[in-house]
Every structure is written in structure tokens, then in C-alpha cells.
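Undergrad: Sharing upload-v5.cif (mmCIF, C-alpha atoms) below.
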data_input
loop_
_atom_site.label_atom_id
_atom_site.label_comp_id
_atom_site.auth_asym_id
_atom_site.auth_seq_id
_atom_site.Cartn_x
_atom_site.Cartn_y
_atom_site.Cartn_z
CA HIS A 48 50.79 42.43 -19.35
CA ARG A 49 51.69 40.59 -22.56
CA VAL A 50 54.63 41.63 -24.67
CA GLY A 51 55.38 40.24 -28.11
CA THR A 52 58.61 38.38 -28.76
CA GLY A 53 58.16 37.39 -32.39
CA ASP A 54 58.08 33.71 -31.53
CA GLY A 55 54.35 33.27 -31.97
CA LEU A 56 53.82 32.72 -28.26
CA GLY A 57 54.66 36.01 -26.63
CA ARG A 58 55.76 36.48 -23.06
CA TYR A 59 53.83 37.57 -20.01
CA SER A 60 55.69 40.08 -17.87
CA PHE A 61 53.34 39.69 -14.88
CA LEU A 62 55.50 36.90 -13.46
CA GLU A 63 58.58 39.10 -13.75
CA TYR A 64 56.70 41.95 -12.06
CA ILE A 65 55.50 40.03 -9.03
CA THR A 66 58.88 38.36 -8.49
CA ARG A 67 60.43 41.81 -8.15
CA ALA A 68 57.59 43.35 -6.13
CA GLN A 69 58.25 44.25 -2.49
CA PRO A 70 55.15 44.07 -0.25
CA GLU A 71 54.45 46.48 2.56
CA SER A 72 55.32 45.32 6.07
CA GLY A 73 52.65 42.88 7.28
CA ASP A 74 51.17 42.42 3.77
CA ASP A 75 51.00 38.70 2.97
CA THR A 76 49.49 39.13 -0.52
CA LEU A 77 52.61 37.78 -2.19
CA ASP A 78 53.07 34.83 0.18
CA VAL A 79 52.37 32.02 -2.25
CA ASP A 80 53.37 28.38 -2.60
CA GLU A 81 55.87 28.83 -5.44
CA GLU A 82 56.41 25.09 -5.85
CA ARG A 83 52.70 24.58 -6.44
CA VAL A 84 52.53 27.48 -8.91
CA HIS A 85 55.45 26.15 -10.93
CA ALA A 86 54.02 22.62 -10.84
CA ARG A 87 50.68 23.80 -12.24
CA LEU A 88 52.35 25.90 -14.94
CA ALA A 89 54.71 23.06 -15.86
CA ALA A 90 51.71 20.70 -16.21
CA TYR A 91 49.88 23.29 -18.33
CA TYR A 92 52.76 23.78 -20.78
CA GLU A 93 53.45 20.05 -20.90
CA GLN A 94 49.83 19.51 -21.92
CA ARG A 95 50.22 22.22 -24.59
CA LEU A 96 53.19 20.29 -25.96
CA ASP A 97 51.23 17.02 -25.91
CA ASP A 98 48.37 18.73 -27.77
CA TYR A 99 50.88 20.06 -30.30
CA ASP A 100 52.12 16.51 -30.92
CA ASP A 101 48.57 15.15 -31.15
CA GLU A 102 47.72 17.71 -33.82
CA TYR A 103 50.41 16.24 -36.08
CA SER A 104 50.01 12.61 -34.99
CA GLU A 105 48.81 11.57 -38.46
CA GLU A 106 51.95 12.92 -40.11
CA SER A 107 54.83 10.58 -40.93
CA SER A 108 57.43 10.09 -38.21
CA TYR A 109 59.89 12.07 -40.33
CA MET A 110 57.57 15.03 -40.85
CA ARG A 111 56.69 15.12 -37.14
CA LEU A 112 60.34 15.86 -36.41
CA TYR A 113 60.04 19.18 -38.25
CA LYS A 114 58.38 20.52 -35.10
CA LEU A 115 61.93 20.93 -33.80
CA GLU A 116 62.27 23.88 -36.17
CA SER A 117 58.95 25.48 -35.14
CA ARG A 118 59.38 28.65 -33.09
CA ASP A 119 56.00 28.03 -31.45
CA TRP A 120 57.07 24.54 -30.36
CA GLN A 121 60.46 25.81 -29.19
CA ALA A 122 58.80 28.59 -27.16
CA LEU A 123 56.37 26.15 -25.51
CA SER A 124 59.25 23.81 -24.70
CA ARG A 125 61.27 26.58 -23.08
CA GLU A 126 58.25 27.68 -21.00
CA TRP A 127 57.69 24.11 -19.83
CA LEU A 128 61.35 23.64 -18.93
CA HIS A 129 61.46 26.99 -17.11
CA HIS A 130 58.75 25.87 -14.69
CA ALA A 131 59.67 22.16 -14.55
CA GLY A 132 63.24 23.10 -13.71
CA ARG A 133 62.08 24.93 -10.58
CA LEU A 134 60.37 21.93 -9.04
CA GLU A 135 62.09 20.56 -5.94
CA ARG A 136 60.55 17.12 -5.40
CA PRO A 137 63.17 14.49 -6.34
CA ASP A 138 60.80 12.58 -8.65
CA ALA A 139 59.68 15.76 -10.41
CA ARG A 140 63.26 16.94 -10.81
CA ALA A 141 64.36 13.60 -12.27
CA ALA A 142 61.45 13.60 -14.74
CA ALA A 143 62.14 17.18 -15.82
CA GLN A 144 65.86 16.49 -16.18
CA LEU A 145 65.20 13.51 -18.44
CA GLY A 146 62.69 15.46 -20.53
CA PHE A 147 65.14 18.33 -20.91
CA LEU A 148 67.93 16.01 -22.00
CA ARG A 149 65.67 14.32 -24.55
CA LEU A 150 64.78 17.70 -26.08
CA PHE A 151 68.40 18.82 -26.23
CA LEU A 152 69.69 15.60 -27.82
CA GLN A 153 66.89 15.51 -30.40
CA MET A 154 67.52 19.11 -31.42
CA PHE A 155 71.27 18.56 -31.46
CA TRP A 156 70.88 15.59 -33.79
CA TRP A 157 68.39 17.44 -36.00
CA TRP A 158 70.77 20.33 -36.76
CA GLY A 159 73.22 21.05 -33.96
CA CYS A 160 75.71 18.31 -34.81
CA TYR A 161 76.14 19.81 -38.30
CA VAL A 162 75.88 23.57 -37.84
CA ARG A 163 75.59 25.98 -34.94
CA TYR A 164 71.93 25.74 -33.93
CA ASP A 165 71.03 28.47 -31.46
CA PRO A 166 67.97 26.70 -29.95
CA CYS A 167 70.37 24.10 -28.46
CA VAL A 168 72.38 26.85 -26.78
CA HIS A 169 69.20 28.58 -25.57
CA LEU A 170 67.90 25.35 -24.01
CA VAL A 171 71.10 24.87 -22.01
CA THR A 172 71.22 28.52 -20.92
CA ASP A 173 67.56 28.55 -19.85
CA TRP A 174 67.88 25.30 -17.91
CA GLU A 175 71.04 26.42 -16.16
CA ARG A 176 69.29 29.54 -14.82
CA THR A 177 66.82 27.39 -12.86
CA GLN A 178 69.24 24.85 -11.41
CA PRO A 179 71.00 24.85 -8.03
CA GLU A 180 74.78 25.11 -8.08
CA ASP A 181 75.27 21.49 -7.02
CA GLU A 182 73.42 20.28 -10.14
CA ARG A 183 75.24 22.38 -12.74
CA ARG A 184 77.26 19.36 -13.85
CA LEU A 185 74.50 18.38 -16.30
CA THR A 186 74.77 21.63 -18.23
CA ASP A 187 78.57 21.50 -17.97
CA TRP A 188 78.53 18.18 -19.85
CA LEU A 189 76.15 19.56 -22.48
CA ARG A 190 78.38 22.59 -23.00
CA THR A 191 81.28 20.19 -23.50
CA ILE A 192 79.31 18.50 -26.28
CA LEU A 193 78.40 21.85 -27.85
CA ASP A 194 82.02 23.04 -27.71
CA ASP A 195 83.89 19.84 -28.64
CA TYR A 196 81.62 18.06 -31.12
CA PRO A 197 82.90 19.19 -34.57
CA ASP A 198 80.37 20.77 -36.90
CA GLY A 199 80.20 20.24 -40.66
CA TYR A 200 80.32 16.89 -42.43
CA GLU A 201 84.09 16.33 -42.25
CA LYS A 202 84.43 15.05 -38.70
CA LEU A 203 87.34 12.63 -38.75
CA ASP A 204 89.85 13.53 -36.02
CA ARG A 205 88.32 16.97 -35.58
CA GLY A 206 86.96 18.41 -32.35
CA ASP A 207 87.68 16.56 -29.12
CA TRP A 208 85.99 13.18 -29.36
CA ALA A 209 87.43 11.91 -26.08
CA ASP A 210 85.75 14.76 -24.18
CA VAL A 211 82.49 14.22 -26.09
CA GLU A 212 82.48 10.51 -25.24
CA ALA A 213 83.24 11.19 -21.57
CA ALA A 214 80.43 13.77 -21.34
CA LEU A 215 77.95 11.34 -22.94
CA ARG A 216 78.86 8.59 -20.49
CA GLU A 217 78.41 10.98 -17.56
CA LEU A 218 75.00 12.08 -18.89
CA ALA A 219 73.85 8.48 -19.25
CA ALA A 220 75.02 7.63 -15.73
CA GLU A 221 73.49 10.78 -14.21
CA THR A 222 70.05 10.03 -15.67
CA GLY A 223 70.23 6.29 -15.03
CA VAL A 224 69.97 5.22 -18.68
CA ASP A 225 73.35 3.48 -18.67
CA GLY A 226 71.75 0.34 -17.24
CA ARG A 227 68.76 -1.66 -18.38
CA VAL A 228 66.07 0.46 -20.04
CA PRO A 229 62.59 -1.13 -20.54
CA LEU A 230 62.00 -1.98 -24.20
CA ASP A 231 58.23 -2.34 -23.86
CA ASP A 232 55.35 -0.90 -21.87
CA ASP A 233 53.52 -4.15 -21.13
CA GLY A 234 51.14 -3.74 -18.20
CA VAL A 235 51.90 -0.03 -17.73
CA THR A 236 48.88 2.30 -17.82
CA ASP A 237 50.05 5.35 -15.87
CA PRO A 238 50.60 8.19 -18.40
CA ARG A 239 53.48 9.65 -16.38
CA GLU A 240 55.30 6.31 -16.29
CA LEU A 241 54.71 5.79 -20.01
CA LYS A 242 56.23 9.19 -20.76
CA GLN A 243 59.19 8.45 -18.51
CA ARG A 244 59.83 5.16 -20.29
CA SER A 245 59.65 6.87 -23.66
CA ASN A 246 62.12 9.54 -22.53
CA ARG A 247 64.49 6.93 -21.11
CA ARG A 248 64.51 4.97 -24.37
CA LEU A 249 65.19 8.04 -26.49
CA VAL A 250 67.90 9.41 -24.21
CA ARG A 251 69.55 5.97 -24.21
CA ALA A 252 69.29 5.74 -28.01
CA LEU A 253 70.70 9.21 -28.62
CA THR A 254 73.57 8.95 -26.15
CA SER A 255 74.50 5.62 -27.75
CA LEU A 256 74.29 7.15 -31.23
CA PHE A 257 76.61 10.02 -30.35
CA ARG A 258 78.99 7.62 -28.60
CA ALA A 259 79.09 5.72 -31.90
CA HIS A 260 80.13 8.98 -33.58
CA SER A 261 82.85 9.50 -30.97
CA HIS A 262 84.47 6.25 -32.10
CA ARG A 263 83.65 6.32 -35.79
CA PHE A 264 85.37 9.64 -36.33
CA ARG A 265 88.60 8.81 -34.47
CA SER A 266 91.32 7.17 -36.52
CA GLY A 267 91.65 3.49 -35.67
CA GLN A 268 88.43 3.31 -33.64
CA ALA A 269 85.74 2.99 -36.31
CA ARG A 270 84.98 -0.65 -35.53
CA LEU A 271 84.22 0.29 -31.91
CA ALA A 272 81.23 2.27 -33.22
CA LEU A 273 79.35 -0.87 -34.32
CA ARG A 274 78.14 -1.82 -30.84
CA PRO A 275 76.73 1.62 -29.81
CA TYR A 276 75.07 1.93 -33.25
CA GLY A 277 73.35 -1.41 -32.58
CA ASP A 278 72.29 -0.25 -29.12
CA ALA A 279 70.85 2.98 -30.54
CA LEU A 280 68.88 1.05 -33.17
CA LYS A 281 67.47 -1.35 -30.55
CA HIS A 282 66.09 1.50 -28.44
CA PHE A 283 64.82 3.51 -31.43
CA GLU A 284 62.94 0.39 -32.55
CA ALA A 285 61.45 -0.11 -29.09
CA GLU A 286 60.27 3.51 -29.20
CA GLY A 287 58.73 3.01 -32.66
CA ASP A 288 60.79 5.85 -34.14
CA THR A 289 60.95 4.80 -37.80
CA ALA A 290 62.65 7.95 -39.07
CA ALA A 291 65.41 7.70 -36.47
CA ARG A 292 65.93 4.04 -37.36
CA ALA A 293 66.19 4.94 -41.07
CA TRP A 294 68.85 7.59 -40.44
CA THR A 295 70.83 5.41 -38.04
CA THR A 296 70.66 2.36 -40.31
CA PHE A 297 72.01 4.43 -43.19
CA GLU A 298 74.85 5.69 -40.98
CA LEU A 299 75.64 2.11 -39.99
CA ALA A 300 75.66 1.03 -43.67
CA ASP A 301 78.05 3.89 -44.46
CA LEU A 302 80.36 2.77 -41.66
CA GLN A 303 80.30 -0.86 -42.82
CA LEU A 304 81.19 0.31 -46.32
CA GLU A 305 84.21 2.12 -44.85
CA LEU A 306 85.15 -1.10 -43.03
CA ASP A 307 84.92 -3.01 -46.33
CA GLU A 308 82.04 -5.14 -45.01
CA LEU A 309 80.23 -4.98 -48.34
CA GLU A 310 77.53 -7.62 -47.82
CA GLU A 311 76.59 -6.19 -44.42
CA ALA A 312 76.55 -2.67 -45.85
CA ALA A 313 74.28 -3.73 -48.72
CA ALA A 314 71.85 -5.40 -46.30
CA GLN A 315 71.73 -2.28 -44.12
CA LEU A 316 71.17 -0.05 -47.15
CA ARG A 317 68.19 -2.17 -48.21
CA GLU A 318 66.81 -1.93 -44.67
CA ALA A 319 67.38 1.84 -44.61
CA ALA A 320 65.47 2.18 -47.89
CA LYS A 321 62.50 0.23 -46.48
CA LEU A 322 62.49 2.29 -43.30
CA THR A 323 62.73 5.55 -45.24
CA ALA A 324 59.68 4.57 -47.29
CA ALA A 325 57.82 3.67 -44.11
CA ALA A 326 58.89 6.88 -42.37
#
Output the structure of this file as C-alpha cells.
TA:
Amino acid sequence: HRVGTGDGLGRYSFLEYITRAQPESGDDTLDVDEERVHARLAAYYEQRLDDYDDEYSEESSYMRLYKLESRDWQALSREWLHHAGRLERPDARAAAQLGFLRLFLQMFWWWGCYVRYDPCVHLVTDWERTQPEDERRLTDWLRTILDDYPDGYEKLDRGDWADVEAALRELAAETGVDGRVPLDDDGVTDPRELKQRSNRRLVRALTSLFRAHSHRFRSGQARLALRPYGDALKHFEAEGDTAARAWTTFELADLQLELDELEEAAAQLREAAKLTAAA
């Protein structure tokens, strides 16, 4: 039974019905391998997301990021995460966790770090519903970021940057991106491994970027932001994300201007202009 939700995808209530159904004594109709069902549905929705990306593969890297505002894309992502989050195999859980974190951080950078962006909150809430109690720390750290990262454009000494930085470091450690992350895919042909490497690079880049913010917008710590900005740029470049490099390079130029490093700022602005044209 399909019910409309206004998101372009709709929702099927059959799953809700069978999960509440109580079979008669001795009736094994509802004895199913739930792990296998969720794995197949997660693979299906992941393929739908891949097809969505392929459809816009000829767009510029900047225009492709507008999918983050698409209600269809958001609905597909939430369906995928709902089923992926219920998988119990350690490798599947780790892959789903990394994919979830990539989606959250991308959406948070797109809008959530400037204004309240409900899709970020929905992602965290949906994911939390599927997770065992002993793994709730991931969503606790994301809620810290949502609560303590200041919105708007005036960020200096607002919010709680120390808590934001601590949460980002915990996220990086939890997902294993705080160590060496492969910068190339030489010799790798397995699609699952390629996707994992891509996710690792982007999660590393985005956690580094937001750590740069946590220093840049605290009085007396702006210079400490230079290193994480450089780390973010290195991993965005390895991922081939031209739009992200353009934005980050402009931010770095702005910081260098504040630090009165005028020649360095000018060089970064020229690079940002080239990347923007390419993006």
C-alpha cells in the first residue's frame, strides 16, 4: 500500500504493516531473514542513488552538488540509510556509517553551517533510530555539531568551538579517517572498495575543513587553521572535487588576508578563480 508524502518518492506502508503483524501460533509465514531483506533493499536504494548521480554526471561539479537540495535525492538517501543502518555485519556497518557521515557533512556544509537546515536533523534522527545503544556516540557527536556550531556569517567567538572541534576529532577517530587515507585508486578495481576510498577522502576533507573553522573563528587561533585547510584541500583534490576546492581555496585566501599575508592571499584568490571557472 503506497501513501504519498509529497517528497516525490512516496512511502510504502507494507513494511510497517508486516513488522507489526502477529502470526497465528505455528504460522511461520513471517519468519524471514531480516538481515538479508535489509541488505537487498540497501543495495537497491544505493543503486538508485548511483543512477541519480550518473544522470547528472555531465553537469559541472558545482551544479551536481545541487542534488543536496532535491527532495527526491534526500528521500532516496534516507531510504538507503534506513536499510543500511540495520545491517549487522561489521564490514557492512562500517561502510554504512562512513556513507552516512559523508552525506551529513556534505549537507551541513551546503547549508547547515549557515542556517538551520532540517534535512541534516532528519538524517541524524533517522540514523539514530536504527542504531544499537552502544553505537549512539556517533549521533551524539553530530548533535553536538548541530547545537554548537554557530549559524549565520558572523562566527567569531560564537557557539562552542571547543566542543565542535572535539566532536570532529572523535568522528574522525571513530571512522578511521584520522590516519593515512589513500589519495589514489591505483590498482583498485572493486567498486565497493572504490566507493569506500571516495567516502574516506571526503569525510577526511570535511572533518579537516570544519576543524579549520573551529580554529579560525576563535580569537587568537586563526593561524592554527592553516594546516587543516591544507589537509582538506589535499583530500578534495585527490577526490577530484573541483567545486569544493574552489570554495576552500577562497576561504583560505580570506583567512590569509586576515593574517596580513597579502601575497599568499592573492595567489590563493587567483587559484580560486581558476577553480571556479573549471567547476
Undergrad: Select, from A:Phe264, A:Trp188, A:Glu106, A:Gly234, the residue with the minimum atom-to-atom distance to A:Arg205, counting only C-alpha atoms.
TA: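 The closest residue to A:Arg205 is A:Phe264.
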Undergrad: Please compute the atom CA of A:Ala259-atom CA of A:Asp187 distance, one decimal, in Å.
TA: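 Computing it gives 21.1 Å between the two atoms.
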Undergrad: Provide the atom CA of A:Leu150 to atom CA of A:Val228 distance in Å, to one decimal place.
TA: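 Between these atoms lies a distance of 18.3 Å.
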Undergrad: Place a sphere of radius 12 Å on (61.7, 7.1, -37.8) in the file coordinates and name every protein, DNA or RNA residue with an atom inside or on its surface, counting all atoms listed in the file; give the answer as an NGL selection string.
TA: :A and (106-112 or 249 or 280 or 282-297 or 319-326)
Undergrad: Applied to this file, what does the PyMOL selection byres ((chain A and resi 274) around 12) return in terms of residues, put as an mmCIF file with C-alpha atoms, keeping the file's coordinate frame?
TA:
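Below is the file that was written, result_15.cif:
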data_model
loop_
_atom_site.group_PDB
_atom_site.id
_atom_site.type_symbol
_atom_site.label_atom_id
_atom_site.label_comp_id
_atom_site.auth_asym_id
_atom_site.auth_seq_id
_atom_site.Cartn_x
_atom_site.Cartn_y
_atom_site.Cartn_z
ATOM 1 C CA ALA A 252 69.290 5.740 -28.010
ATOM 2 C CA SER A 255 74.500 5.620 -27.750
ATOM 3 C CA LEU A 256 74.290 7.150 -31.230
ATOM 4 C CA PHE A 257 76.610 10.020 -30.350
ATOM 5 C CA ARG A 258 78.990 7.620 -28.600
ATOM 6 C CA ALA A 259 79.090 5.720 -31.900
ATOM 7 C CA HIS A 260 80.130 8.980 -33.580
ATOM 8 C CA HIS A 262 84.470 6.250 -32.100
ATOM 9 C CA ARG A 263 83.650 6.320 -35.790
ATOM 10 C CA GLN A 268 88.430 3.310 -33.640
ATOM 11 C CA ALA A 269 85.740 2.990 -36.310
ATOM 12 C CA ARG A 270 84.980 -0.650 -35.530
ATOM 13 C CA LEU A 271 84.220 0.290 -31.910
ATOM 14 C CA ALA A 272 81.230 2.270 -33.220
ATOM 15 C CA LEU A 273 79.350 -0.870 -34.320
ATOM 16 C CA PRO A 275 76.730 1.620 -29.810
ATOM 17 C CA TYR A 276 75.070 1.930 -33.250
ATOM 18 C CA GLY A 277 73.350 -1.410 -32.580
ATOM 19 C CA ASP A 278 72.290 -0.250 -29.120
ATOM 20 C CA ALA A 279 70.850 2.980 -30.540
ATOM 21 C CA LEU A 280 68.880 1.050 -33.170
ATOM 22 C CA LYS A 281 67.470 -1.350 -30.550
ATOM 23 C CA LEU A 299 75.640 2.110 -39.990
ATOM 24 C CA LEU A 302 80.360 2.770 -41.660
#
Undergrad: Quick one: everything within 12 Å of A:Glu135, counting all atoms listed in the file, minus sequence neighbours fewer than 5 positions away in the same chain. Send it as a PyMOL selection string.
TA: chain A and resi 81-83+85-86+130+140-144+177-179
Undergrad: Applying the PyMOL selection byres ((chain A and resi 114) around 12) to the file I just gave you, which residues come out? Please list them as a tab-separated table (two decimals) with C-alpha atoms, in the coordinates of the input.
TA:
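Here's the written file out_4.tsv:
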chain	number	residue	atom	x	y	z
A	96	LEU	CA	53.19	20.29	-25.96
A	99	TYR	CA	50.88	20.06	-30.30
A	100	ASP	CA	52.12	16.51	-30.92
A	101	ASP	CA	48.57	15.15	-31.15
A	102	GLU	CA	47.72	17.71	-33.82
A	103	TYR	CA	50.41	16.24	-36.08
A	104	SER	CA	50.01	12.61	-34.99
A	106	GLU	CA	51.95	12.92	-40.11
A	108	SER	CA	57.43	10.09	-38.21
A	109	TYR	CA	59.89	12.07	-40.33
A	110	MET	CA	57.57	15.03	-40.85
A	111	ARG	CA	56.69	15.12	-37.14
A	112	LEU	CA	60.34	15.86	-36.41
A	113	TYR	CA	60.04	19.18	-38.25
A	115	LEU	CA	61.93	20.93	-33.80
A	116	GLU	CA	62.27	23.88	-36.17
A	117	SER	CA	58.95	25.48	-35.14
A	118	ARG	CA	59.38	28.65	-33.09
A	119	ASP	CA	56.00	28.03	-31.45
A	120	TRP	CA	57.07	24.54	-30.36
A	121	GLN	CA	60.46	25.81	-29.19
A	122	ALA	CA	58.80	28.59	-27.16
A	123	LEU	CA	56.37	26.15	-25.51
A	124	SER	CA	59.25	23.81	-24.70
A	150	LEU	CA	64.78	17.70	-26.08
A	153	GLN	CA	66.89	15.51	-30.40
A	154	MET	CA	67.52	19.11	-31.42
A	157	TRP	CA	68.39	17.44	-36.00
Undergrad: In Å, how far is it from atom CA of A:Tyr196 to atom CA of A:Glu212?
TA: 9.6 Å
Undergrad: Go through A:Glu126, A:Glu105, A:Asp165, A:Glu311 and flag the residue nearest A:Ala90, using only C-alpha atoms for the distances.
TA: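 Checking each of A:Glu126, A:Glu105, A:Asp165, A:Glu311 against A:Ala90, counting only C-alpha atoms, the winner is A:Glu126.
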Undergrad: Which protein, DNA or RNA residues have an atom at most 6 Å from (85.8, 11.4, -30.3), counting all atoms listed in the file? List them as a list in words.
TA: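 Those residues, ordered by chain and then number, are Asp207, Trp208, Ala209, Ser261, His262 and Arg265 of chain A.
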Undergrad: Between A:Val211, A:Val235, A:Leu148, A:Cys167, which has the minimum distance to A:Leu185 (counting only C-alpha atoms)?
TA: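 Using only C-alpha atoms, the shortest distance to A:Leu185 belongs to A:Leu148.
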